[in-house]
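S.K.: What follows is the file protein_4.json, containing JSON, C-alpha atoms and all ligand atoms:
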```json
[["chain", "number", "residue", "atom", "x", "y", "z"],
["A", 1, "MET", "CA", -3.88, 4.57, 21.18],
["A", 2, "THR", "CA", -2.46, 6.70, 18.38],
["A", 3, "LYS", "CA", -4.63, 6.51, 15.30],
["A", 4, "ALA", "CA", -2.49, 6.73, 12.19],
["A", 5, "ASN", "CA", -2.88, 5.98, 8.50],
["A", 6, "TYR", "CA", -0.01, 6.10, 6.05],
["A", 7, "HIS", "CA", -1.88, 5.05, 2.91],
["A", 8, "THR", "CA", -3.70, 8.03, 1.39],
["A", 9, "HIS", "CA", -4.03, 8.94, -2.29],
["A", 10, "THR", "CA", -4.79, 12.22, -4.04],
["A", 11, "SER", "CA", -6.73, 13.07, -7.19],
["A", 12, "ARG", "CA", -3.45, 13.23, -9.13],
["A", 13, "CYS", "CA", -3.67, 9.46, -9.70],
["A", 14, "HIS", "CA", -6.91, 9.89, -11.74],
["A", 15, "HIS", "CA", -8.82, 7.29, -9.67],
["A", 16, "ALA", "CA", -9.08, 9.17, -6.36],
["A", 17, "THR", "CA", -11.32, 12.15, -5.66],
["A", 18, "GLY", "CA", -11.27, 15.23, -3.42],
["A", 19, "SER", "CA", -8.72, 17.91, -2.71],
["A", 20, "ASP", "CA", -5.61, 17.32, -0.62],
["A", 21, "GLU", "CA", -7.17, 19.42, 2.14],
["A", 22, "ASP", "CA", -10.38, 17.33, 2.04],
["A", 23, "TYR", "CA", -8.30, 14.30, 3.10],
["A", 24, "VAL", "CA", -6.78, 16.29, 5.95],
["A", 25, "LEU", "CA", -10.19, 17.47, 7.19],
["A", 26, "SER", "CA", -11.66, 13.96, 6.95],
["A", 27, "ALA", "CA", -8.71, 12.50, 8.86],
["A", 28, "ILE", "CA", -9.24, 15.01, 11.67],
["A", 29, "LYS", "CA", -12.95, 14.12, 11.73],
["A", 30, "GLY", "CA", -12.04, 10.44, 11.83],
["A", 31, "GLY", "CA", -9.83, 10.93, 14.90],
["A", 32, "TYR", "CA", -6.45, 10.44, 13.23],
["A", 33, "GLU", "CA", -3.37, 11.99, 14.79],
["A", 34, "ILE", "CA", -1.03, 11.05, 11.94],
["A", 35, "LEU", "CA", -1.90, 11.12, 8.23],
["A", 36, "GLY", "CA", 0.59, 9.90, 5.68],
["A", 37, "PHE", "CA", 0.05, 10.66, 2.00],
["A", 38, "SER", "CA", 1.38, 7.97, -0.31],
["A", 39, "ASP", "CA", -0.05, 8.64, -3.74],
["A", 40, "HIS", "CA", 0.92, 6.41, -6.67],
["A", 41, "THR", "CA", 4.43, 7.33, -7.68],
["A", 42, "PRO", "CA", 5.19, 8.67, -11.15],
["A", 43, "TRP", "CA", 7.81, 6.81, -13.20],
["A", 44, "PRO", "CA", 10.13, 8.14, -15.93],
["A", 45, "TYR", "CA", 9.24, 5.56, -18.61],
["A", 46, "ALA", "CA", 11.96, 5.52, -21.26],
["A", 47, "SER", "CA", 9.34, 4.91, -23.97],
["A", 48, "GLY", "CA", 7.34, 7.99, -23.02],
["A", 49, "PHE", "CA", 4.47, 5.76, -21.86],
["A", 50, "VAL", "CA", 1.79, 7.67, -19.96],
["A", 51, "SER", "CA", 0.11, 5.70, -17.18],
["A", 52, "ARG", "CA", -3.53, 6.55, -16.49],
["A", 53, "THR", "CA", -3.30, 5.56, -12.82],
["A", 54, "ARG", "CA", -0.58, 7.85, -11.50],
["A", 55, "MET", "CA", 0.69, 11.42, -11.63],
["A", 56, "LEU", "CA", 3.30, 12.53, -14.15],
["A", 57, "PRO", "CA", 6.89, 13.11, -12.96],
["A", 58, "SER", "CA", 6.30, 16.82, -13.57],
["A", 59, "GLU", "CA", 3.46, 16.80, -11.00],
["A", 60, "LEU", "CA", 5.59, 15.53, -8.17],
["A", 61, "GLU", "CA", 6.86, 18.92, -7.11],
["A", 62, "GLY", "CA", 3.32, 20.29, -6.81],
["A", 63, "TYR", "CA", 2.29, 17.24, -4.78],
["A", 64, "VAL", "CA", 5.09, 17.72, -2.27],
["A", 65, "LEU", "CA", 4.57, 21.49, -2.08],
["A", 66, "SER", "CA", 0.85, 21.17, -1.49],
["A", 67, "LEU", "CA", 1.37, 18.63, 1.30],
["A", 68, "ARG", "CA", 4.14, 20.69, 2.91],
["A", 69, "THR", "CA", 1.82, 23.69, 2.99],
["A", 70, "LEU", "CA", -0.93, 21.62, 4.61],
["A", 71, "LYS", "CA", 1.57, 20.16, 7.07],
["A", 72, "GLU", "CA", 2.43, 23.66, 8.29],
["A", 73, "GLN", "CA", -1.15, 24.85, 8.23],
["A", 74, "TYR", "CA", -2.44, 21.95, 10.35],
["A", 75, "GLU", "CA", 0.53, 21.61, 12.69],
["A", 76, "GLY", "CA", -0.65, 20.70, 16.16],
["A", 77, "ARG", "CA", -3.92, 19.27, 14.83],
["A", 78, "LEU", "CA", -2.63, 16.58, 12.50],
["A", 79, "ASP", "CA", 0.87, 15.26, 11.90],
["A", 80, "ILE", "CA", 1.17, 15.00, 8.10],
["A", 81, "LYS", "CA", 3.81, 12.76, 6.55],
["A", 82, "ILE", "CA", 4.75, 12.81, 2.88],
["A", 83, "GLY", "CA", 5.46, 9.62, 0.99],
["A", 84, "LEU", "CA", 4.62, 7.66, -2.14],
["A", 85, "GLU", "CA", 3.27, 4.21, -2.96],
["A", 86, "CYS", "CA", 5.70, 2.58, -5.37],
["A", 87, "GLU", "CA", 6.09, -0.62, -7.29],
["A", 88, "TYR", "CA", 9.45, -2.26, -7.80],
["A", 89, "TYR", "CA", 10.52, -1.63, -11.40],
["A", 90, "PRO", "CA", 14.10, -2.90, -11.80],
["A", 91, "ALA", "CA", 14.94, -0.56, -14.71],
["A", 92, "MET", "CA", 14.01, 2.54, -12.68],
["A", 93, "ARG", "CA", 15.27, 1.53, -9.27],
["A", 94, "SER", "CA", 18.04, 4.12, -8.95],
["A", 95, "TRP", "CA", 15.66, 6.86, -10.06],
["A", 96, "LEU", "CA", 13.38, 5.91, -7.18],
["A", 97, "SER", "CA", 16.05, 6.09, -4.52],
["A", 98, "GLU", "CA", 17.29, 9.44, -5.87],
["A", 99, "LEU", "CA", 13.76, 10.82, -5.90],
["A", 100, "LYS", "CA", 13.24, 10.00, -2.22],
["A", 101, "GLU", "CA", 16.36, 12.00, -1.37],
["A", 102, "ALA", "CA", 15.70, 14.85, -3.78],
["A", 103, "PHE", "CA", 12.21, 15.54, -2.43],
["A", 104, "GLY", "CA", 13.01, 14.74, 1.21],
["A", 105, "LEU", "CA", 10.18, 12.22, 1.39],
["A", 106, "ASP", "CA", 9.39, 10.68, 4.76],
["A", 107, "TYR", "CA", 8.79, 7.18, 3.42],
["A", 108, "LEU", "CA", 7.91, 4.92, 0.49],
["A", 109, "ILE", "CA", 5.44, 2.07, 0.73],
["A", 110, "PHE", "CA", 5.70, -0.94, -1.55],
["A", 111, "GLY", "CA", 2.56, -1.53, -3.59],
["A", 112, "ASN", "CA", 3.40, -4.43, -5.88],
["A", 113, "HIS", "CA", 0.82, -3.77, -8.60],
["A", 114, "HIS", "CA", 2.86, -4.65, -11.72],
["A", 115, "TYR", "CA", 6.24, -6.08, -12.68],
["A", 116, "PRO", "CA", 8.62, -5.33, -14.37],
["A", 117, "SER", "CA", 6.50, -2.24, -15.16],
["A", 118, "ASP", "CA", 2.91, -1.33, -15.98],
["A", 119, "GLU", "CA", 3.92, -0.96, -19.62],
["A", 120, "GLU", "CA", 4.52, -4.70, -19.81],
["A", 121, "SER", "CA", 2.35, -6.37, -17.20],
["A", 122, "THR", "CA", -1.26, -6.17, -16.17],
["A", 123, "TYR", "CA", -2.46, -5.39, -12.65],
["A", 124, "PHE", "CA", -1.72, -8.29, -10.29],
["A", 125, "GLY", "CA", -4.97, -7.65, -8.40],
["A", 126, "MET", "CA", -6.97, -8.65, -11.48],
["A", 127, "SER", "CA", -4.66, -10.85, -13.51],
["A", 128, "THR", "CA", -3.27, -13.29, -10.96],
["A", 129, "THR", "CA", -5.45, -16.20, -11.97],
["A", 130, "ASP", "CA", -2.75, -18.85, -12.48],
["A", 131, "GLU", "CA", 0.46, -20.14, -10.97],
["A", 132, "HIS", "CA", 2.64, -18.24, -13.41],
["A", 133, "MET", "CA", 1.32, -14.83, -12.34],
["A", 134, "LEU", "CA", 1.36, -15.91, -8.72],
["A", 135, "HIS", "CA", 5.06, -16.67, -8.88],
["A", 136, "LEU", "CA", 5.73, -13.44, -10.76],
["A", 137, "TYR", "CA", 4.00, -11.62, -7.91],
["A", 138, "GLU", "CA", 6.14, -13.44, -5.38],
["A", 139, "GLN", "CA", 9.34, -12.80, -7.30],
["A", 140, "SER", "CA", 8.74, -9.06, -7.56],
["A", 141, "VAL", "CA", 7.77, -8.77, -3.88],
["A", 142, "LEU", "CA", 10.93, -10.56, -2.81],
["A", 143, "GLU", "CA", 13.17, -8.55, -5.15],
["A", 144, "GLY", "CA", 11.57, -5.27, -4.13],
["A", 145, "MET", "CA", 11.92, -5.96, -0.42],
["A", 146, "GLU", "CA", 15.58, -6.69, -0.96],
["A", 147, "THR", "CA", 16.24, -3.09, -2.04],
["A", 148, "GLY", "CA", 15.54, -1.76, 1.45],
["A", 149, "TYR", "CA", 13.75, 1.25, -0.07],
["A", 150, "TYR", "CA", 10.34, 0.62, 1.43],
["A", 151, "THR", "CA", 8.92, 1.14, 4.91],
["A", 152, "TYR", "CA", 6.21, -1.47, 4.58],
["A", 153, "LEU", "CA", 4.57, -3.85, 2.12],
["A", 154, "ALA", "CA", 1.09, -2.64, 1.12],
["A", 155, "HIS", "CA", -1.71, -5.17, 0.54],
["A", 156, "PRO", "CA", 0.65, -8.21, 0.53],
["A", 157, "ASP", "CA", -2.32, -10.46, -0.32],
["A", 158, "LEU", "CA", -3.30, -8.44, -3.43],
["A", 159, "PHE", "CA", -2.85, -11.61, -5.51],
["A", 160, "MET", "CA", -6.08, -12.99, -4.02],
["A", 161, "GLY", "CA", -8.03, -10.28, -5.87],
["A", 162, "ALA", "CA", -8.48, -12.69, -8.79],
["A", 163, "TYR", "CA", -7.00, -16.07, -7.82],
["A", 164, "PRO", "CA", -9.78, -18.67, -7.63],
["A", 165, "GLN", "CA", -9.00, -20.16, -4.22],
["A", 166, "PHE", "CA", -6.30, -20.19, -1.61],
["A", 167, "ASP", "CA", -4.51, -23.37, -2.70],
["A", 168, "LYS", "CA", -1.12, -24.88, -1.84],
["A", 169, "HIS", "CA", 0.65, -22.52, -4.24],
["A", 170, "CYS", "CA", -0.84, -19.53, -2.47],
["A", 171, "GLU", "CA", 0.22, -20.96, 0.84],
["A", 172, "GLU", "CA", 3.79, -21.40, -0.33],
["A", 173, "VAL", "CA", 3.97, -17.91, -1.83],
["A", 174, "SER", "CA", 2.42, -16.37, 1.29],
["A", 175, "ARG", "CA", 4.85, -18.13, 3.56],
["A", 176, "ASN", "CA", 7.83, -17.02, 1.46],
["A", 177, "ILE", "CA", 6.63, -13.40, 1.50],
["A", 178, "CYS", "CA", 6.00, -13.49, 5.26],
["A", 179, "ARG", "CA", 9.37, -15.02, 6.03],
["A", 180, "GLU", "CA", 11.25, -12.47, 3.96],
["A", 181, "ALA", "CA", 9.26, -9.59, 5.49],
["A", 182, "LYS", "CA", 10.01, -10.86, 8.95],
["A", 183, "LYS", "CA", 13.69, -11.27, 8.16],
["A", 184, "ARG", "CA", 13.86, -7.68, 6.94],
["A", 185, "GLY", "CA", 11.68, -6.23, 9.73],
["A", 186, "LEU", "CA", 9.13, -5.01, 7.18],
["A", 187, "PRO", "CA", 5.53, -4.71, 8.43],
["A", 188, "LEU", "CA", 2.73, -6.12, 6.25],
["A", 189, "GLU", "CA", -0.23, -3.86, 5.67],
["A", 190, "TYR", "CA", -3.73, -4.95, 6.57],
["A", 191, "ASN", "CA", -5.32, -3.00, 3.73],
["A", 192, "LEU", "CA", -8.87, -1.70, 4.01],
["A", 193, "GLY", "CA", -9.16, -0.22, 0.51],
["A", 194, "CYS", "CA", -11.69, -2.89, -0.61],
["A", 195, "ALA", "CA", -13.44, -3.34, 2.74],
["A", 196, "ALA", "CA", -16.62, -1.46, 1.84],
["A", 197, "TYR", "CA", -16.84, -3.15, -1.56],
["A", 198, "CYS", "CA", -16.36, -6.61, -0.08],
["A", 199, "GLU", "CA", -18.98, -5.98, 2.56],
["A", 200, "ALA", "CA", -21.49, -4.79, -0.04],
["A", 201, "THR", "CA", -20.89, -7.65, -2.48],
["A", 202, "GLY", "CA", -19.99, -10.50, -0.14],
["A", 203, "GLU", "CA", -16.80, -11.08, -2.12],
["A", 204, "THR", "CA", -13.47, -11.79, -0.42],
["A", 205, "LEU", "CA", -10.59, -10.05, -2.18],
["A", 206, "PHE", "CA", -8.07, -8.81, 0.37],
["A", 207, "PRO", "CA", -7.40, -8.89, 3.28],
["A", 208, "TYR", "CA", -7.70, -12.64, 2.67],
["A", 209, "PRO", "CA", -8.19, -14.58, 5.94],
["A", 210, "ASP", "CA", -6.01, -17.59, 4.98],
["A", 211, "PHE", "CA", -3.11, -15.25, 4.24],
["A", 212, "TRP", "CA", -3.46, -13.61, 7.66],
["A", 213, "GLN", "CA", -3.41, -16.99, 9.36],
["A", 214, "ILE", "CA", 0.05, -17.47, 7.83],
["A", 215, "VAL", "CA", 1.08, -13.97, 8.95],
["A", 216, "LYS", "CA", 0.19, -15.06, 12.46],
["A", 217, "GLU", "CA", 2.05, -18.37, 12.17],
["A", 218, "GLU", "CA", 5.17, -16.66, 10.84],
["A", 219, "GLY", "CA", 5.10, -14.00, 13.57],
["A", 220, "CYS", "CA", 5.07, -10.96, 11.26],
["A", 221, "GLU", "CA", 4.08, -7.45, 12.26],
["A", 222, "THR", "CA", 1.21, -5.62, 10.65],
["A", 223, "ILE", "CA", -0.08, -2.08, 10.28],
["A", 224, "ILE", "CA", -3.57, -1.06, 9.20],
["A", 225, "GLY", "CA", -3.77, 0.99, 5.98],
["A", 226, "ILE", "CA", -6.94, 2.70, 4.77],
["A", 227, "ASP", "CA", -5.75, 3.08, 1.15],
["A", 228, "ALA", "CA", -8.04, 6.11, 0.97],
["A", 229, "HIS", "CA", -9.04, 7.07, -2.56],
["A", 230, "GLN", "CA", -11.96, 9.18, -1.26],
["A", 231, "PRO", "CA", -11.75, 11.48, 1.77],
["A", 232, "TYR", "CA", -14.82, 9.95, 3.49],
["A", 233, "MET", "CA", -12.92, 6.67, 3.85],
["A", 234, "LEU", "CA", -11.02, 8.40, 6.66],
["A", 235, "GLU", "CA", -14.16, 9.48, 8.47],
["A", 236, "THR", "CA", -15.72, 6.10, 9.17],
["A", 237, "SER", "CA", -14.15, 3.86, 11.78],
["A", 238, "ARG", "CA", -16.33, 0.88, 10.89],
["A", 239, "TYR", "CA", -13.72, -1.11, 8.95],
["A", 240, "TYR", "CA", -10.82, 0.09, 11.07],
["A", 241, "ASP", "CA", -12.54, -1.17, 14.24],
["A", 242, "LYS", "CA", -13.38, -4.49, 12.60],
["A", 243, "ALA", "CA", -9.75, -4.85, 11.55],
["A", 244, "LEU", "CA", -8.55, -4.13, 15.09],
["A", 245, "LYS", "CA", -10.81, -6.87, 16.42],
["A", 246, "PHE", "CA", -9.77, -9.38, 13.75],
["A", 247, "LEU", "CA", -6.05, -8.81, 14.32],
["A", 248, "GLU", "CA", -6.39, -8.88, 18.07],
["A", 249, "LYS", "CA", -8.37, -12.11, 17.98],
["A", 250, "LEU", "CA", -5.76, -13.72, 15.77],
["A", 251, "GLY", "CA", -2.98, -12.42, 18.02],
["A", 252, "ILE", "CA", -1.03, -10.58, 15.31],
["A", 253, "LYS", "CA", 1.35, -7.88, 16.50],
["A", 254, "ARG", "CA", 0.07, -4.53, 15.19],
["A", 255, "LEU", "CA", 2.09, -1.34, 14.89],
["A", 256, "GLU", "CA", 0.15, 1.83, 15.62],
["A", 257, "THR", "CA", 2.70, 4.11, 14.02],
["A", 258, "LEU", "CA", 5.79, 3.89, 11.84],
["A", 259, "PRO", "CA", 9.17, 5.03, 13.16],
["A", 260, "LEU", "CA", 9.62, 7.91, 10.70],
["A", 301, "ZN", "ZN", -4.97, 3.59, -6.32],
["A", 302, "ZN", "ZN", -1.81, -0.22, -3.89]]
```
Could you rewrite the structure in this file as structure tokens?
Ligand SMILES: [Zn+2]
Ligand SMILES: [Zn+2]

M.R.:
Amino acid sequence: MTKANYHTHTSRCHHATGSDEDYVLSAIKGGYEILGFSDHTPWPYASGFVSRTRMLPSELEGYVLSLRTLKEQYEGRLDIKIGLECEYYPAMRSWLSELKEAFGLDYLIFGNHHYPSDEESTYFGMSTTDEHMLHLYEQSVLEGMETGYYTYLAHPDLFMGAYPQFDKHCEEVSRNICREAKKRGLPLEYNLGCAAYCEATGETLFPYPDFWQIVKEEGCETIIGIDAHQPYMLETSRYYDKALKFLEKLGIKRLETLPL
């Protein structure tokens, strides 16, 4: 088995801690062979808006340079990939595709946190409490997937972070997302970013079991993502092993690595 994780943040996003090298060292300790960095992308907001949860466009070059240096330094011990986690913001879509080329990024993952931008909408993980937000989430996932920019869809069930229960609307939205992902050959991420929190509090945010039942029924592929915001999240295999068991029991096809 090749142990890989493509969802790793850096302190540039203001809500992750540790140096870039700390993540590399923790990944080696945790038995990873491939580590993909996908910090929250910057965006060139026309209004000059400054987001508090992502790097500035001017920090992008330093991010890529730092990771390239680590990639060379740790060659043979860890295969480092360089990417970004991005929303789908229609007004800035061409900027995003140009950026991927300009910086020679290995991949982009689709983290549908806000739409049409974080200037105008609140975080789906905390504000999807009614049908209106649920359908907005669905709409932006479907539109974003259509661009073909992204390698996989991160935390597809993020909307269950606040929605009161998995009702018929959730089922419909989940099925539509799964069908489109399958049609486009886009894996869905089984995201472990909240795993420790959920275990400690007994809450169920995401991964949300009912969603994954639909993933199984629709025959989609999945990939595990740690969504590491602290280096130690790469050292423990507790949640990763639990995820392996859950997915295997359900019979969901899991990708070990991405074809990058
Ligand atoms: Zn984050
Ligand atoms: Zn995310």

S.K.: Using all atoms listed in the file, what does the table of chain A residues within 8 Å of ligand ZN 302 (chain A) look like, with each row giving the shortest atom pair and its distance in Å to one decimal, sorted by chain and ascending number, as a Markdown table?

M.R.:
```
| residue | atom | partner | partner_atom | distance |
| --- | --- | --- | --- | --- |
| A:His40 | CA | A:ZN302 | ZN | 7.7 |
| A:Glu85 | CA | A:ZN302 | ZN | 6.8 |
| A:Phe110 | CA | A:ZN302 | ZN | 7.9 |
| A:Gly111 | CA | A:ZN302 | ZN | 4.6 |
| A:Asn112 | CA | A:ZN302 | ZN | 7.0 |
| A:His113 | CA | A:ZN302 | ZN | 6.5 |
| A:Ala154 | CA | A:ZN302 | ZN | 6.3 |
| A:His155 | CA | A:ZN302 | ZN | 6.6 |
| A:Asp227 | CA | A:ZN302 | ZN | 7.2 |
```

S.K.: Counting only C-alpha atoms, write as a CSV table (one decimal) with C-alpha atoms, in the frame of the given file all protein and nucleic acid residues lying at most 12 Å from (-7.2, -6.3, 14.4) in the file's frame.

M.R.:
```
chain,number,residue,atom,x,y,z
A,189,GLU,CA,-0.2,-3.9,5.7
A,190,TYR,CA,-3.7,-5.0,6.6
A,191,ASN,CA,-5.3,-3.0,3.7
A,192,LEU,CA,-8.9,-1.7,4.0
A,207,PRO,CA,-7.4,-8.9,3.3
A,209,PRO,CA,-8.2,-14.6,5.9
A,212,TRP,CA,-3.5,-13.6,7.7
A,216,LYS,CA,0.2,-15.1,12.5
A,221,GLU,CA,4.1,-7.4,12.3
A,222,THR,CA,1.2,-5.6,10.6
A,223,ILE,CA,-0.1,-2.1,10.3
A,224,ILE,CA,-3.6,-1.1,9.2
A,225,GLY,CA,-3.8,1.0,6.0
A,239,TYR,CA,-13.7,-1.1,9.0
A,240,TYR,CA,-10.8,0.1,11.1
A,241,ASP,CA,-12.5,-1.2,14.2
A,242,LYS,CA,-13.4,-4.5,12.6
A,243,ALA,CA,-9.8,-4.8,11.6
A,244,LEU,CA,-8.6,-4.1,15.1
A,245,LYS,CA,-10.8,-6.9,16.4
A,246,PHE,CA,-9.8,-9.4,13.8
A,247,LEU,CA,-6.0,-8.8,14.3
A,248,GLU,CA,-6.4,-8.9,18.1
A,249,LYS,CA,-8.4,-12.1,18.0
A,250,LEU,CA,-5.8,-13.7,15.8
A,251,GLY,CA,-3.0,-12.4,18.0
A,252,ILE,CA,-1.0,-10.6,15.3
A,253,LYS,CA,1.4,-7.9,16.5
A,254,ARG,CA,0.1,-4.5,15.2
A,255,LEU,CA,2.1,-1.3,14.9
A,256,GLU,CA,0.2,1.8,15.6
```

S.K.: Counting only C-alpha atoms and all ligand atoms, which protein, DNA or RNA residues come within 10 Å of ligand ZN 301 (chain A), given as a compact mmCIF listing (two decimals) with C-alpha atoms, in the frame of the given file?

M.R.:
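The resulting file, selection.txt, is shown below:
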```txt
# COMPACT_ATOMS: atom_id res chain seq x y z
CA HIS A 7 -1.88 5.05 2.91
CA THR A 8 -3.70 8.03 1.39
CA HIS A 9 -4.03 8.94 -2.29
CA THR A 10 -4.79 12.22 -4.04
CA SER A 11 -6.73 13.07 -7.19
CA CYS A 13 -3.67 9.46 -9.70
CA HIS A 14 -6.91 9.89 -11.74
CA HIS A 15 -8.82 7.29 -9.67
CA ALA A 16 -9.08 9.17 -6.36
CA SER A 38 1.38 7.97 -0.31
CA ASP A 39 -0.05 8.64 -3.74
CA HIS A 40 0.92 6.41 -6.67
CA THR A 53 -3.30 5.56 -12.82
CA ARG A 54 -0.58 7.85 -11.50
CA GLU A 85 3.27 4.21 -2.96
CA GLY A 111 2.56 -1.53 -3.59
CA HIS A 113 0.82 -3.77 -8.60
CA GLY A 193 -9.16 -0.22 0.51
CA ASP A 227 -5.75 3.08 1.15
CA ALA A 228 -8.04 6.11 0.97
CA HIS A 229 -9.04 7.07 -2.56
```

S.K.: Considering all atoms listed in the file, state which residue in the set A:Leu108, A:Leu258, A:Met126, A:Leu142 is at the smallest distance from Met160 (chain A).

M.R.: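 Selected residue with least distance to Met160 (chain A): A:Met126.
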
S.K.: Here is a test: counting all atoms listed in the file, which residue of A:Gly36, A:Trp95, A:Pro187, A:Arg238 is nearest to Glu199 (chain A)?

M.R.: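 Of A:Gly36, A:Trp95, A:Pro187, A:Arg238, the one nearest Glu199 (chain A) is A:Arg238, counting all atoms listed in the file.
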
S.K.: Write out as a PDB file with C-alpha atoms, in the frame of the given file the residues lying within 8 Å of region 19-31 of chain A, counting only C-alpha atoms and excluding same-chain residues fewer than 2 positions away.

M.R.:
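And here's out26.pdb as it stands now:
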```
ATOM      1  CA  LYS A   3      -4.630   6.510  15.300  1.00  0.00           C
ATOM      2  CA  THR A   8      -3.700   8.030   1.390  1.00  0.00           C
ATOM      3  CA  THR A  10      -4.790  12.220  -4.040  1.00  0.00           C
ATOM      4  CA  SER A  11      -6.730  13.070  -7.190  1.00  0.00           C
ATOM      5  CA  THR A  17     -11.320  12.150  -5.660  1.00  0.00           C
ATOM      6  CA  GLU A  33      -3.370  11.990  14.790  1.00  0.00           C
ATOM      7  CA  LEU A  35      -1.900  11.120   8.230  1.00  0.00           C
ATOM      8  CA  SER A  66       0.850  21.170  -1.490  1.00  0.00           C
ATOM      9  CA  LEU A  67       1.370  18.630   1.300  1.00  0.00           C
ATOM     10  CA  LEU A  70      -0.930  21.620   4.610  1.00  0.00           C
ATOM     11  CA  ARG A  77      -3.920  19.270  14.830  1.00  0.00           C
ATOM     12  CA  LEU A  78      -2.630  16.580  12.500  1.00  0.00           C
ATOM     13  CA  GLN A 230     -11.960   9.180  -1.260  1.00  0.00           C
ATOM     14  CA  PRO A 231     -11.750  11.480   1.770  1.00  0.00           C
ATOM     15  CA  TYR A 232     -14.820   9.950   3.490  1.00  0.00           C
ATOM     16  CA  LEU A 234     -11.020   8.400   6.660  1.00  0.00           C
ATOM     17  CA  GLU A 235     -14.160   9.480   8.470  1.00  0.00           C
ATOM     18  CA  THR A 236     -15.720   6.100   9.170  1.00  0.00           C
ATOM     19  CA  SER A 237     -14.150   3.860  11.780  1.00  0.00           C
TER      20      SER A 237
END
```

S.K.: Extending 6 Å beyond the listed atoms of region 11-22 of chain A on each side, what axis-aligned box results? I want centre and edge lengths in Å to one decimal, as JSON.

M.R.:
```
{"center_x": -7.4, "center_y": 13.4, "center_z": -4.8, "size_x": 19.9, "size_y": 24.1, "size_z": 25.9}
```

S.K.: Between A:Ser58, A:Thr147, A:Thr257, A:Ser140, which one has atoms that come closest to Thr41 (chain A), using only C-alpha atoms?

M.R.: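 So, comparing all the options, the nearest one is A:Ser58.
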
S.K.: May I have the residues at most 7 Å from (16.6, 6.9, -0.2) in the file's coordinates, counting all atoms listed in the file, as a list of chain:residue names?

M.R.: A:Ser97, A:Glu98, A:Lys100, A:Glu101, A:Tyr149

S.K.: Find the distance between CA of Ser47 (chain A) and CA of Glu87 (chain A) and write it in Å to one decimal.

M.R.: 17.9 Å

S.K.: At a cut-off of 12 Å, using all atoms listed in the file, what residues contact Tyr197 (chain A)? Leave out same-chain residues fewer than 6 positions from it and give the result as a VMD selection string.

M.R.: chain A and resid 203 to 206 233 239

S.K.: For a quick check of understanding, using all atoms listed in the file, which of A:Thr122, A:Gln165, A:Ser117, A:Ser127 has the smallest distance to Pro42 (chain A)?

M.R.: A:Ser117

S.K.: Have a look at CA of Thr2 (chain A) and CA of Tyr74 (chain A) and let me know their distance in Å, one decimal.

M.R.: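 Computing the Euclidean distance for CA of Thr2 (chain A) and CA of Tyr74 (chain A) yields 17.2 Å.
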
S.K.: So how far away is CA of Asp118 (chain A) from CA of Asn176 (chain A), in Å?

M.R.: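 So the answer is 24.0 Å.
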
S.K.: Tell me which of A:Leu65, A:Leu84, A:Leu186, A:Cys178 sits closest to Gln213 (chain A), counting all atoms listed in the file.

M.R.: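 Under the stated criterion, the closest residue is A:Cys178.
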
S.K.: With 12 Å as the cut-off and only C-alpha atoms counted, what is the closest atom pair between each nearby residue of region 179-230 of chain A and region 134-139 of chain A? Distances in Å to one decimal, ordered by chain and number, as JSON lines.

M.R.:
```
{"residue": "A:Arg179", "atom": "CA", "partner": "A:Glu138", "partner_atom": "CA", "distance": 12.0}
{"residue": "A:Glu180", "atom": "CA", "partner": "A:Glu138", "partner_atom": "CA", "distance": 10.7}
{"residue": "A:Ala181", "atom": "CA", "partner": "A:Glu138", "partner_atom": "CA", "distance": 11.9}
```

S.K.: Which residue, A:Tyr152, A:Phe159, A:Phe211, A:Phe124, has the smallest gap to Arg175 (chain A) when you use all atoms listed in the file?

M.R.: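 Of A:Tyr152, A:Phe159, A:Phe211, A:Phe124, the one nearest Arg175 (chain A) is A:Phe211, counting all atoms listed in the file.
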